[in-house]
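Chemist: File target.cif follows (mmCIF, N, CA, C and O atoms):
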```cif
data_structure
#
loop_
_atom_site.group_PDB
_atom_site.id
_atom_site.type_symbol
_atom_site.label_atom_id
_atom_site.label_comp_id
_atom_site.auth_asym_id
_atom_site.auth_seq_id
_atom_site.Cartn_x
_atom_site.Cartn_y
_atom_site.Cartn_z
ATOM 1 N N HIS A 119 54.898 -13.687 35.935
ATOM 2 C CA HIS A 119 54.907 -14.286 37.245
ATOM 3 C C HIS A 119 53.834 -15.355 37.303
ATOM 4 O O HIS A 119 52.716 -15.141 36.854
ATOM 5 N N ARG A 120 54.193 -16.455 37.872
ATOM 6 C CA ARG A 120 53.255 -17.567 37.911
ATOM 7 C C ARG A 120 52.505 -17.660 39.239
ATOM 8 O O ARG A 120 51.618 -18.474 39.392
ATOM 9 N N SER A 121 52.890 -16.816 40.206
ATOM 10 C CA SER A 121 52.184 -16.825 41.482
ATOM 11 C C SER A 121 52.294 -15.453 42.136
ATOM 12 O O SER A 121 53.178 -14.659 41.806
ATOM 13 N N THR A 122 51.401 -15.225 43.069
ATOM 14 C CA THR A 122 51.438 -13.973 43.821
ATOM 15 C C THR A 122 52.720 -13.889 44.640
ATOM 16 O O THR A 122 53.334 -12.829 44.741
ATOM 17 N N ALA A 123 53.140 -15.013 45.186
ATOM 18 C CA ALA A 123 54.361 -15.035 45.994
ATOM 19 C C ALA A 123 55.578 -14.657 45.147
ATOM 20 O O ALA A 123 56.454 -13.914 45.597
ATOM 21 N N GLN A 124 55.632 -15.153 43.912
ATOM 22 C CA GLN A 124 56.743 -14.826 43.024
ATOM 23 C C GLN A 124 56.732 -13.339 42.669
ATOM 24 O O GLN A 124 57.776 -12.681 42.667
ATOM 25 N N LEU A 125 55.571 -12.802 42.378
ATOM 26 C CA LEU A 125 55.441 -11.378 42.079
ATOM 27 C C LEU A 125 55.884 -10.544 43.276
ATOM 28 O O LEU A 125 56.657 -9.597 43.135
ATOM 29 N N GLU A 126 55.405 -10.898 44.453
ATOM 30 C CA GLU A 126 55.775 -10.156 45.657
ATOM 31 C C GLU A 126 57.275 -10.216 45.909
ATOM 32 O O GLU A 126 57.895 -9.194 46.243
ATOM 33 N N ALA A 127 57.885 -11.371 45.714
ATOM 34 C CA ALA A 127 59.332 -11.506 45.906
ATOM 35 C C ALA A 127 60.097 -10.625 44.927
ATOM 36 O O ALA A 127 61.082 -9.966 45.298
ATOM 37 N N ASN A 128 59.646 -10.561 43.686
ATOM 38 C CA ASN A 128 60.313 -9.726 42.692
ATOM 39 C C ASN A 128 60.139 -8.240 42.992
ATOM 40 O O ASN A 128 61.071 -7.451 42.793
ATOM 41 N N ILE A 129 58.966 -7.863 43.460
ATOM 42 C CA ILE A 129 58.747 -6.462 43.836
ATOM 43 C C ILE A 129 59.657 -6.087 44.996
ATOM 44 O O ILE A 129 60.299 -5.033 44.991
ATOM 45 N N ARG A 130 59.725 -6.946 45.994
ATOM 46 C CA ARG A 130 60.597 -6.668 47.148
ATOM 47 C C ARG A 130 62.070 -6.610 46.736
ATOM 48 O O ARG A 130 62.824 -5.766 47.229
ATOM 49 N N ALA A 131 62.487 -7.463 45.819
ATOM 50 C CA ALA A 131 63.874 -7.443 45.333
ATOM 51 C C ALA A 131 64.155 -6.136 44.598
ATOM 52 O O ALA A 131 65.228 -5.540 44.761
ATOM 53 N N PHE A 132 63.200 -5.676 43.790
ATOM 54 C CA PHE A 132 63.363 -4.403 43.097
ATOM 55 C C PHE A 132 63.505 -3.267 44.097
ATOM 56 O O PHE A 132 64.382 -2.408 43.967
ATOM 57 N N ILE A 133 62.636 -3.238 45.106
ATOM 58 C CA ILE A 133 62.676 -2.172 46.113
ATOM 59 C C ILE A 133 64.013 -2.192 46.844
ATOM 60 O O ILE A 133 64.639 -1.148 47.058
ATOM 61 N N ASP A 134 64.473 -3.378 47.221
ATOM 62 C CA ASP A 134 65.757 -3.483 47.914
ATOM 63 C C ASP A 134 66.904 -2.973 47.049
ATOM 64 O O ASP A 134 67.777 -2.244 47.523
ATOM 65 N N ALA A 135 66.911 -3.340 45.763
ATOM 66 C CA ALA A 135 67.967 -2.893 44.855
ATOM 67 C C ALA A 135 67.892 -1.381 44.649
ATOM 68 O O ALA A 135 68.922 -0.691 44.627
ATOM 69 N N HIS A 136 66.691 -0.860 44.506
ATOM 70 C CA HIS A 136 66.513 0.584 44.303
ATOM 71 C C HIS A 136 66.954 1.355 45.540
ATOM 72 O O HIS A 136 67.606 2.396 45.433
ATOM 73 N N ASN A 137 66.598 0.863 46.717
ATOM 74 C CA ASN A 137 66.938 1.548 47.960
ATOM 75 C C ASN A 137 68.417 1.444 48.312
ATOM 76 O O ASN A 137 68.912 2.213 49.128
ATOM 77 N N ALA A 138 69.131 0.509 47.685
ATOM 78 C CA ALA A 138 70.565 0.371 47.951
ATOM 79 C C ALA A 138 71.341 1.572 47.423
ATOM 80 O O ALA A 138 72.399 1.921 47.955
ATOM 81 N N ASP A 139 70.825 2.212 46.365
ATOM 82 C CA ASP A 139 71.484 3.383 45.780
ATOM 83 C C ASP A 139 70.418 4.406 45.388
ATOM 84 O O ASP A 139 70.201 4.663 44.200
ATOM 85 N N PRO A 140 69.750 5.006 46.373
ATOM 86 C CA PRO A 140 68.623 5.901 46.063
ATOM 87 C C PRO A 140 69.083 7.207 45.421
ATOM 88 O O PRO A 140 70.185 7.684 45.656
ATOM 89 N N LYS A 141 68.218 7.752 44.592
ATOM 90 C CA LYS A 141 68.456 9.044 43.944
ATOM 91 C C LYS A 141 67.252 9.942 44.252
ATOM 92 O O LYS A 141 66.115 9.493 44.195
ATOM 93 N N PRO A 142 67.480 11.202 44.559
ATOM 94 C CA PRO A 142 66.341 12.085 44.825
ATOM 95 C C PRO A 142 65.545 12.349 43.558
ATOM 96 O O PRO A 142 66.105 12.402 42.454
ATOM 97 N N PHE A 143 64.242 12.470 43.718
ATOM 98 C CA PHE A 143 63.384 12.779 42.577
ATOM 99 C C PHE A 143 63.429 14.279 42.358
ATOM 100 O O PHE A 143 63.309 15.064 43.295
ATOM 101 N N ARG A 144 63.621 14.694 41.126
ATOM 102 C CA ARG A 144 63.669 16.117 40.781
ATOM 103 C C ARG A 144 62.468 16.472 39.912
ATOM 104 O O ARG A 144 62.310 15.923 38.822
ATOM 105 N N TRP A 145 61.632 17.373 40.399
ATOM 106 C CA TRP A 145 60.505 17.844 39.603
ATOM 107 C C TRP A 145 61.043 18.690 38.465
ATOM 108 O O TRP A 145 61.934 19.515 38.656
ATOM 109 N N THR A 146 60.491 18.493 37.273
ATOM 110 C CA THR A 146 60.933 19.278 36.124
ATOM 111 C C THR A 146 59.900 20.311 35.718
ATOM 112 O O THR A 146 60.169 21.149 34.871
ATOM 113 N N LYS A 147 58.734 20.263 36.331
ATOM 114 C CA LYS A 147 57.678 21.239 36.029
ATOM 115 C C LYS A 147 57.284 21.945 37.326
ATOM 116 O O LYS A 147 57.402 21.380 38.409
ATOM 117 N N SER A 148 56.787 23.149 37.163
ATOM 118 C CA SER A 148 56.311 23.891 38.331
ATOM 119 C C SER A 148 54.945 23.354 38.758
ATOM 120 O O SER A 148 54.259 22.671 37.984
ATOM 121 N N ALA A 149 54.545 23.707 39.958
ATOM 122 C CA ALA A 149 53.223 23.306 40.441
ATOM 123 C C ALA A 149 52.137 23.878 39.537
ATOM 124 O O ALA A 149 51.138 23.206 39.251
ATOM 125 N N ASP A 150 52.327 25.111 39.063
ATOM 126 C CA ASP A 150 51.340 25.720 38.170
ATOM 127 C C ASP A 150 51.203 24.940 36.866
ATOM 128 O O ASP A 150 50.094 24.747 36.360
ATOM 129 N N ASP A 151 52.324 24.470 36.308
ATOM 130 C CA ASP A 151 52.272 23.666 35.079
ATOM 131 C C ASP A 151 51.514 22.360 35.309
ATOM 132 O O ASP A 151 50.713 21.935 34.476
ATOM 133 N N ILE A 152 51.778 21.717 36.433
ATOM 134 C CA ILE A 152 51.122 20.442 36.749
ATOM 135 C C ILE A 152 49.620 20.648 36.945
ATOM 136 O O ILE A 152 48.794 19.898 36.411
ATOM 137 N N LEU A 153 49.252 21.686 37.698
ATOM 138 C CA LEU A 153 47.833 21.946 37.932
ATOM 139 C C LEU A 153 47.113 22.321 36.641
ATOM 140 O O LEU A 153 45.958 21.925 36.431
ATOM 141 N N ALA A 154 47.777 23.047 35.755
ATOM 142 C CA ALA A 154 47.167 23.396 34.467
ATOM 143 C C ALA A 154 46.934 22.135 33.634
ATOM 144 O O ALA A 154 45.894 22.000 32.980
ATOM 145 N N ALA A 155 47.877 21.217 33.658
ATOM 146 C CA ALA A 155 47.713 19.962 32.918
ATOM 147 C C ALA A 155 46.553 19.148 33.483
ATOM 148 O O ALA A 155 45.771 18.552 32.726
ATOM 149 N N ILE A 156 46.414 19.117 34.794
ATOM 150 C CA ILE A 156 45.302 18.404 35.419
ATOM 151 C C ILE A 156 43.977 19.046 35.022
ATOM 152 O O ILE A 156 43.008 18.348 34.701
ATOM 153 N N GLN A 157 43.946 20.370 35.005
ATOM 154 C CA GLN A 157 42.723 21.065 34.612
ATOM 155 C C GLN A 157 42.345 20.735 33.165
ATOM 156 O O GLN A 157 41.181 20.463 32.867
ATOM 157 N N ARG A 158 43.341 20.722 32.264
ATOM 158 C CA ARG A 158 43.058 20.381 30.862
ATOM 159 C C ARG A 158 42.524 18.959 30.755
ATOM 160 O O ARG A 158 41.577 18.684 30.012
ATOM 161 N N PHE A 159 43.112 18.038 31.508
ATOM 162 C CA PHE A 159 42.653 16.651 31.493
ATOM 163 C C PHE A 159 41.201 16.551 31.975
ATOM 164 O O PHE A 159 40.390 15.863 31.363
ATOM 165 N N CYS A 160 40.887 17.252 33.059
ATOM 166 C CA CYS A 160 39.529 17.209 33.596
ATOM 167 C C CYS A 160 38.520 17.772 32.600
ATOM 168 O O CYS A 160 37.434 17.214 32.422
ATOM 169 N N LEU A 161 38.880 18.848 31.930
ATOM 170 C CA LEU A 161 37.977 19.426 30.939
ATOM 171 C C LEU A 161 37.746 18.474 29.770
ATOM 172 O O LEU A 161 36.623 18.327 29.291
ATOM 173 N N ARG A 162 38.803 17.818 29.316
ATOM 174 C CA ARG A 162 38.662 16.837 28.225
ATOM 175 C C ARG A 162 37.810 15.660 28.683
ATOM 176 O O ARG A 162 36.985 15.157 27.930
ATOM 177 N N SER A 163 38.008 15.210 29.913
ATOM 178 C CA SER A 163 37.263 14.056 30.426
ATOM 179 C C SER A 163 35.775 14.357 30.531
ATOM 180 O O SER A 163 34.943 13.490 30.277
ATOM 181 N N GLN A 164 35.438 15.585 30.873
ATOM 182 C CA GLN A 164 34.028 15.957 30.984
ATOM 183 C C GLN A 164 33.346 15.987 29.626
ATOM 184 O O GLN A 164 32.185 15.607 29.503
ATOM 185 N N THR A 165 34.051 16.394 28.587
ATOM 186 C CA THR A 165 33.422 16.510 27.276
ATOM 187 C C THR A 165 33.334 15.172 26.554
ATOM 188 O O THR A 165 32.551 15.035 25.613
ATOM 189 N N ILE A 166 34.084 14.182 26.963
ATOM 190 C CA ILE A 166 34.042 12.866 26.302
ATOM 191 C C ILE A 166 32.685 12.213 26.499
ATOM 192 O O ILE A 166 32.114 11.638 25.590
ATOM 193 N N GLY A 167 32.124 12.322 27.682
ATOM 194 C CA GLY A 167 30.855 11.664 27.986
ATOM 195 C C GLY A 167 29.637 12.420 27.481
ATOM 196 O O GLY A 167 28.517 11.922 27.562
ATOM 197 N N VAL A 168 29.832 13.605 26.946
ATOM 198 C CA VAL A 168 28.692 14.422 26.528
ATOM 199 C C VAL A 168 28.274 14.095 25.121
ATOM 200 O O VAL A 168 28.940 13.730 24.264
#
```
Turn this file's structure into structure tokens for me.

Modeler:
Amino acid sequence: HRSTAQLEANIRAFIDAHNADPKPFRWTKSADDILAAIQRFCLRSQTIGV
């Protein structure tokens, strides 16, 4: 994109096209799986700086 206006126009066009035929989002993992992954990420992030 060569300008902010062009980028914004393309984003709006994408949103309009997506909203013309919306599909529901389906979670494939349980909340417990997601929270466990976040916990693992946080633990790894803490040890990187040590």

Chemist: Calculate how many Å separate atom N of A:Ser121 from atom CA of A:Ala138, rounding to one decimal.

Modeler: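 Answer for the atom N of A:Ser121 to atom CA of A:Ala138 separation: 25.8 Å.
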
Chemist: Just to confirm, what's the straight-line distance from atom CA of A:His119 to atom CA of A:Ile133 in Å (one decimal)?

Modeler: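 We find that atom CA of A:His119 and atom CA of A:Ile133 lie 16.9 Å from each other.
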
Chemist: Using DSSP secondary structure from the backbone, list all helix (DSSP H, G or I) positions within chain A, as a PyMOL selection string.

Modeler: chain A and resi 122-138+149-166

Chemist: Rebuild stretch 150-161 of chain A so that it carries all heavy atoms, then output the result as a PDB file, keeping the file's coordinate frame.

Modeler:
```pdb
ATOM      1  N   ASP A 150      52.327  25.111  39.063  1.00  0.00           N
ATOM      2  CA  ASP A 150      51.340  25.720  38.170  1.00  0.00           C
ATOM      3  C   ASP A 150      51.203  24.940  36.866  1.00  0.00           C
ATOM      4  O   ASP A 150      50.094  24.747  36.360  1.00  0.00           O
ATOM      5  CB  ASP A 150      51.712  27.174  37.862  1.00  0.00           C
ATOM      6  CG  ASP A 150      51.508  28.086  39.070  1.00  0.00           C
ATOM      7  OD1 ASP A 150      50.706  27.730  39.963  1.00  0.00           O
ATOM      8  OD2 ASP A 150      52.161  29.149  39.113  1.00  0.00           O
ATOM      9  N   ASP A 151      52.324  24.470  36.308  1.00  0.00           N
ATOM     10  CA  ASP A 151      52.272  23.666  35.079  1.00  0.00           C
ATOM     11  C   ASP A 151      51.514  22.360  35.309  1.00  0.00           C
ATOM     12  O   ASP A 151      50.713  21.935  34.476  1.00  0.00           O
ATOM     13  CB  ASP A 151      53.683  23.351  34.575  1.00  0.00           C
ATOM     14  CG  ASP A 151      54.415  24.556  34.037  1.00  0.00           C
ATOM     15  OD1 ASP A 151      53.742  25.546  33.660  1.00  0.00           O
ATOM     16  OD2 ASP A 151      55.663  24.510  33.996  1.00  0.00           O
ATOM     17  N   ILE A 152      51.778  21.717  36.433  1.00  0.00           N
ATOM     18  CA  ILE A 152      51.122  20.442  36.749  1.00  0.00           C
ATOM     19  C   ILE A 152      49.620  20.648  36.945  1.00  0.00           C
ATOM     20  O   ILE A 152      48.794  19.898  36.411  1.00  0.00           O
ATOM     21  CB  ILE A 152      51.763  19.802  37.990  1.00  0.00           C
ATOM     22  CG1 ILE A 152      53.213  19.400  37.677  1.00  0.00           C
ATOM     23  CG2 ILE A 152      50.957  18.598  38.473  1.00  0.00           C
ATOM     24  CD1 ILE A 152      54.033  19.031  38.891  1.00  0.00           C
ATOM     25  N   LEU A 153      49.252  21.686  37.698  1.00  0.00           N
ATOM     26  CA  LEU A 153      47.833  21.946  37.932  1.00  0.00           C
ATOM     27  C   LEU A 153      47.113  22.321  36.641  1.00  0.00           C
ATOM     28  O   LEU A 153      45.958  21.925  36.431  1.00  0.00           O
ATOM     29  CB  LEU A 153      47.663  23.044  38.987  1.00  0.00           C
ATOM     30  CG  LEU A 153      48.105  22.645  40.402  1.00  0.00           C
ATOM     31  CD1 LEU A 153      48.065  23.845  41.327  1.00  0.00           C
ATOM     32  CD2 LEU A 153      47.260  21.503  40.934  1.00  0.00           C
ATOM     33  N   ALA A 154      47.777  23.047  35.755  1.00  0.00           N
ATOM     34  CA  ALA A 154      47.167  23.396  34.467  1.00  0.00           C
ATOM     35  C   ALA A 154      46.934  22.135  33.634  1.00  0.00           C
ATOM     36  O   ALA A 154      45.894  22.000  32.980  1.00  0.00           O
ATOM     37  CB  ALA A 154      48.047  24.379  33.713  1.00  0.00           C
ATOM     38  N   ALA A 155      47.877  21.217  33.658  1.00  0.00           N
ATOM     39  CA  ALA A 155      47.713  19.962  32.918  1.00  0.00           C
ATOM     40  C   ALA A 155      46.553  19.148  33.483  1.00  0.00           C
ATOM     41  O   ALA A 155      45.771  18.552  32.726  1.00  0.00           O
ATOM     42  CB  ALA A 155      49.007  19.151  32.965  1.00  0.00           C
ATOM     43  N   ILE A 156      46.414  19.117  34.794  1.00  0.00           N
ATOM     44  CA  ILE A 156      45.302  18.404  35.419  1.00  0.00           C
ATOM     45  C   ILE A 156      43.977  19.046  35.022  1.00  0.00           C
ATOM     46  O   ILE A 156      43.008  18.348  34.701  1.00  0.00           O
ATOM     47  CB  ILE A 156      45.460  18.371  36.950  1.00  0.00           C
ATOM     48  CG1 ILE A 156      46.659  17.499  37.332  1.00  0.00           C
ATOM     49  CG2 ILE A 156      44.195  17.874  37.634  1.00  0.00           C
ATOM     50  CD1 ILE A 156      47.059  17.609  38.791  1.00  0.00           C
ATOM     51  N   GLN A 157      43.946  20.370  35.005  1.00  0.00           N
ATOM     52  CA  GLN A 157      42.723  21.065  34.612  1.00  0.00           C
ATOM     53  C   GLN A 157      42.345  20.735  33.165  1.00  0.00           C
ATOM     54  O   GLN A 157      41.181  20.463  32.867  1.00  0.00           O
ATOM     55  CB  GLN A 157      42.893  22.573  34.781  1.00  0.00           C
ATOM     56  CG  GLN A 157      41.625  23.338  34.462  1.00  0.00           C
ATOM     57  CD  GLN A 157      41.803  24.836  34.644  1.00  0.00           C
ATOM     58  OE1 GLN A 157      42.912  25.350  34.579  1.00  0.00           O
ATOM     59  NE2 GLN A 157      40.700  25.526  34.875  1.00  0.00           N
ATOM     60  N   ARG A 158      43.341  20.722  32.264  1.00  0.00           N
ATOM     61  CA  ARG A 158      43.058  20.381  30.862  1.00  0.00           C
ATOM     62  C   ARG A 158      42.524  18.959  30.755  1.00  0.00           C
ATOM     63  O   ARG A 158      41.577  18.684  30.012  1.00  0.00           O
ATOM     64  CB  ARG A 158      44.316  20.546  30.002  1.00  0.00           C
ATOM     65  CG  ARG A 158      44.723  21.989  29.770  1.00  0.00           C
ATOM     66  CD  ARG A 158      45.824  22.105  28.717  1.00  0.00           C
ATOM     67  NE  ARG A 158      47.003  21.293  29.011  1.00  0.00           N
ATOM     68  CZ  ARG A 158      48.045  21.707  29.750  1.00  0.00           C
ATOM     69  NH1 ARG A 158      48.044  22.919  30.292  1.00  0.00           N
ATOM     70  NH2 ARG A 158      49.068  20.914  29.936  1.00  0.00           N
ATOM     71  N   PHE A 159      43.112  18.038  31.508  1.00  0.00           N
ATOM     72  CA  PHE A 159      42.653  16.651  31.493  1.00  0.00           C
ATOM     73  C   PHE A 159      41.201  16.551  31.975  1.00  0.00           C
ATOM     74  O   PHE A 159      40.390  15.863  31.363  1.00  0.00           O
ATOM     75  CB  PHE A 159      43.560  15.778  32.374  1.00  0.00           C
ATOM     76  CG  PHE A 159      43.045  14.387  32.548  1.00  0.00           C
ATOM     77  CD1 PHE A 159      43.185  13.450  31.540  1.00  0.00           C
ATOM     78  CD2 PHE A 159      42.402  14.022  33.718  1.00  0.00           C
ATOM     79  CE1 PHE A 159      42.691  12.163  31.693  1.00  0.00           C
ATOM     80  CE2 PHE A 159      41.895  12.742  33.881  1.00  0.00           C
ATOM     81  CZ  PHE A 159      42.048  11.810  32.863  1.00  0.00           C
ATOM     82  N   CYS A 160      40.887  17.252  33.059  1.00  0.00           N
ATOM     83  CA  CYS A 160      39.529  17.209  33.596  1.00  0.00           C
ATOM     84  C   CYS A 160      38.520  17.772  32.600  1.00  0.00           C
ATOM     85  O   CYS A 160      37.434  17.214  32.422  1.00  0.00           O
ATOM     86  CB  CYS A 160      39.457  17.972  34.909  1.00  0.00           C
ATOM     87  SG  CYS A 160      40.320  17.152  36.273  1.00  0.00           S
ATOM     88  N   LEU A 161      38.880  18.848  31.930  1.00  0.00           N
ATOM     89  CA  LEU A 161      37.977  19.426  30.939  1.00  0.00           C
ATOM     90  C   LEU A 161      37.746  18.474  29.770  1.00  0.00           C
ATOM     91  O   LEU A 161      36.623  18.327  29.291  1.00  0.00           O
ATOM     92  CB  LEU A 161      38.523  20.766  30.446  1.00  0.00           C
ATOM     93  CG  LEU A 161      38.505  21.901  31.479  1.00  0.00           C
ATOM     94  CD1 LEU A 161      39.239  23.120  30.934  1.00  0.00           C
ATOM     95  CD2 LEU A 161      37.086  22.238  31.874  1.00  0.00           C
TER      96      LEU A 161
END
```
